[in-house]
Amino acid sequence: MSRYTLRSIQLSDFGRHQMLTIMAGFVDNAQPPARQRAVDNLIKLHGIDLKTTSSLRYDPTLTTRDGKNVNGDIRIGPGAFSQDSHWLANVVFHEVVHSDQFAYYADHGVQFGNRATKSEAERIMVALDECEGFYWPWRNSGALGLSADQQASLRREVGLWLIEIDDAPTVALARKGDFEQARLALIKRWTAENKSNP
Ligand SMILES: [Zn+2]
């Protein structure tokens, strides 16, 4: 019973035009429109839900990281193409998980203010969000077709972010994949902290 279950690529998909467009995004010097089509078609093949994502674009100028998400606007950089289409699908999926998190906080009245004065609950939320961003691609490794090394690297990220969370009740829920309960408890703490220091 997991929150995200992606569709696996099937043998029959290899006869589809979509597969060719994904491969075309990986040829040397593939141009941005070809890379954009590869991203769009991976989303369709895996059934990744973009209901909370406002925009999702390949950005050749994003070189500091593989992907980023600012309040539901996702940008995917060239680094996401450095391995293979399986890894690219994982990078895109990670960012889409962040869109759902932004929407969840907004629905629960959480507004993140000045990052310099981050409250303890907010610090934990940031680490929980990253942990979840790696957890679901890791849990969907089979559907994404990730290699053993790629799976190991996601598993390592999950472990590092669990350490970063550094809050026993939140870690216990995150380990079970119960991110929603963990987030609800943090939202209660956040709301109480914000009432005491407006
Ligand atoms: Zn992230």
# chains A, B, ... in the order shown; residues from 1 in each chain; ligands from 1

call {"tool": "residues_around", "arguments": {"residues": "Leu186 (chain A)", "least_positions_apart": "3", "cutoff": "9 Å", "atoms": "only C-alpha atoms", "output": "number ranges by chain"}}
result
A: 121-122, 124-125, 170, 181-183, 189-191

call {"tool": "closest_atom_pairs", "arguments": {"of": "chain A", "to": "ligand 1", "cutoff": "8 Å", "atoms": "only C-alpha atoms and all ligand atoms", "output": "Markdown table"}}
result
| residue | atom | partner | partner_atom_place_in_ligand_line | distance |
| --- | --- | --- | --- | --- |
| A:Gly67 | CA | ligand 1 | 1 (Zn) | 7.9 |
| A:Lys68 | CA | ligand 1 | 1 (Zn) | 7.0 |
| A:Asn69 | CA | ligand 1 | 1 (Zn) | 7.8 |
| A:His94 | CA | ligand 1 | 1 (Zn) | 6.3 |
| A:Glu95 | CA | ligand 1 | 1 (Zn) | 6.1 |
| A:His98 | CA | ligand 1 | 1 (Zn) | 6.7 |
| A:Asp129 | CA | ligand 1 | 1 (Zn) | 7.2 |
| A:Glu130 | CA | ligand 1 | 1 (Zn) | 4.8 |
| A:Gly133 | CA | ligand 1 | 1 (Zn) | 5.6 |
| A:Phe134 | CA | ligand 1 | 1 (Zn) | 7.6 |

call {"tool": "closest_residue", "arguments": {"among": "A:Gln18, A:Ser12, A:Ser55, A:Thr5", "to": "Ser99 (chain A)", "atoms": "only C-alpha atoms"}}
result
A:Ser55

call {"tool": "select_by_dssp", "arguments": {"residues": "chain A", "states": "helix (DSSP H, G or I)", "output": "MDAnalysis selection string"}}
result
chainID A and resid 11:15 17:24 32:46 78:81 85:107 115:117 120:139 141:144 148:165 168:175 179:196

call {"tool": "atom_distance", "arguments": {"atom1": "CA of Arg123 (chain A)", "atom2": "CA of Asp166 (chain A)"}}
result
9.9 Å

call {"tool": "select_by_dssp", "arguments": {"residues": "region 51-196 of chain A", "states": "strand (DSSP E or B)", "output": "PyMOL selection string"}}
result
chain A and resi 55-58+67-70+73-76

call {"tool": "residues_around", "arguments": {"residues": "region 24-39 of chain A", "least_positions_apart": "6", "cutoff": "8 Å", "atoms": "only C-alpha atoms", "output": "list in words"}}
result
Arg57, Tyr58, Asp59, Pro60, Phe81, Asp84, Ser85, Leu88, Ala89 and Val92 of chain A

call {"tool": "write_last_selection", "arguments": {"atoms": "N, CA and C atoms", "output": "PDB file, in the first residue's frame"}}
result
ATOM      1  N   ARG A  57       9.848  21.875 -17.304  1.00  0.00           N
ATOM      2  CA  ARG A  57      10.617  22.172 -18.518  1.00  0.00           C
ATOM      3  C   ARG A  57      12.055  21.726 -18.392  1.00  0.00           C
ATOM      4  N   TYR A  58      12.565  21.273 -19.535  1.00  0.00           N
ATOM      5  CA  TYR A  58      14.000  21.026 -19.640  1.00  0.00           C
ATOM      6  C   TYR A  58      14.675  22.382 -19.753  1.00  0.00           C
ATOM      7  N   ASP A  59      15.710  22.592 -18.940  1.00  0.00           N
ATOM      8  CA  ASP A  59      16.399  23.890 -18.946  1.00  0.00           C
ATOM      9  C   ASP A  59      17.893  23.652 -19.118  1.00  0.00           C
ATOM     10  N   PRO A  60      18.415  23.928 -20.325  1.00  0.00           N
ATOM     11  CA  PRO A  60      19.840  23.656 -20.575  1.00  0.00           C
ATOM     12  C   PRO A  60      20.773  24.510 -19.714  1.00  0.00           C
ATOM     13  N   PHE A  81      20.465  13.909 -17.630  1.00  0.00           N
ATOM     14  CA  PHE A  81      20.659  13.042 -18.805  1.00  0.00           C
ATOM     15  C   PHE A  81      22.021  12.350 -18.776  1.00  0.00           C
ATOM     16  N   ASP A  84      21.094   7.482 -17.894  1.00  0.00           N
ATOM     17  CA  ASP A  84      20.226   6.832 -18.888  1.00  0.00           C
ATOM     18  C   ASP A  84      18.781   7.276 -18.641  1.00  0.00           C
ATOM     19  N   SER A  85      17.864   6.760 -19.438  1.00  0.00           N
ATOM     20  CA  SER A  85      16.467   7.215 -19.323  1.00  0.00           C
ATOM     21  C   SER A  85      15.852   6.778 -17.993  1.00  0.00           C
ATOM     22  N   LEU A  88      16.917   9.402 -15.545  1.00  0.00           N
ATOM     23  CA  LEU A  88      16.175  10.630 -15.851  1.00  0.00           C
ATOM     24  C   LEU A  88      14.756  10.544 -15.274  1.00  0.00           C
ATOM     25  N   ALA A  89      14.089   9.396 -15.485  1.00  0.00           N
ATOM     26  CA  ALA A  89      12.717   9.244 -14.973  1.00  0.00           C
ATOM     27  C   ALA A  89      12.714   9.393 -13.456  1.00  0.00           C
ATOM     28  N   VAL A  92      13.014  13.149 -12.533  1.00  0.00           N
ATOM     29  CA  VAL A  92      11.740  13.828 -12.777  1.00  0.00           C
ATOM     30  C   VAL A  92      10.736  13.448 -11.672  1.00  0.00           C
TER      31      VAL A  92
END

call {"tool": "atom_distance", "arguments": {"atom1": "CA of Ile22 (chain A)", "atom2": "CA of Asp40 (chain A)"}}
result
8.7 Å

call {"tool": "residues_around", "arguments": {"residues": "Ser153 (chain A)", "least_positions_apart": "2", "cutoff": "12 Å", "atoms": "only C-alpha atoms", "output": "ChimeraX atom specification"}}
result
/A:87,90,134-135,137-138,141,146-151,155-160

call {"tool": "closest_residue", "arguments": {"among": "A:Val126, A:Leu42, A:Leu62, A:Leu162", "to": "Lys176 (chain A)", "atoms": "only C-alpha atoms"}}
result
A:Leu162

call {"tool": "residues_around", "arguments": {"residues": "Asp73 (chain A)", "least_positions_apart": "2", "cutoff": "7 Å", "atoms": "only C-alpha atoms", "output": "number ranges by chain"}}
result
A: 53-56, 69-71, 75

call {"tool": "atom_distance", "arguments": {"atom1": "CA of Phe93 (chain A)", "atom2": "CA of Met19 (chain A)"}}
result
17.9 Å

call {"tool": "closest_residue", "arguments": {"among": "A:Ala185, A:Ile76, A:Cys131, A:Val97", "to": "Lys51 (chain A)", "atoms": "only C-alpha atoms"}}
result
A:Val97

call {"tool": "closest_residue", "arguments": {"among": "A:Ala80, A:Ala127, A:Ile48, A:Val171", "to": "Tyr4 (chain A)", "atoms": "only C-alpha atoms"}}
result
A:Ile48
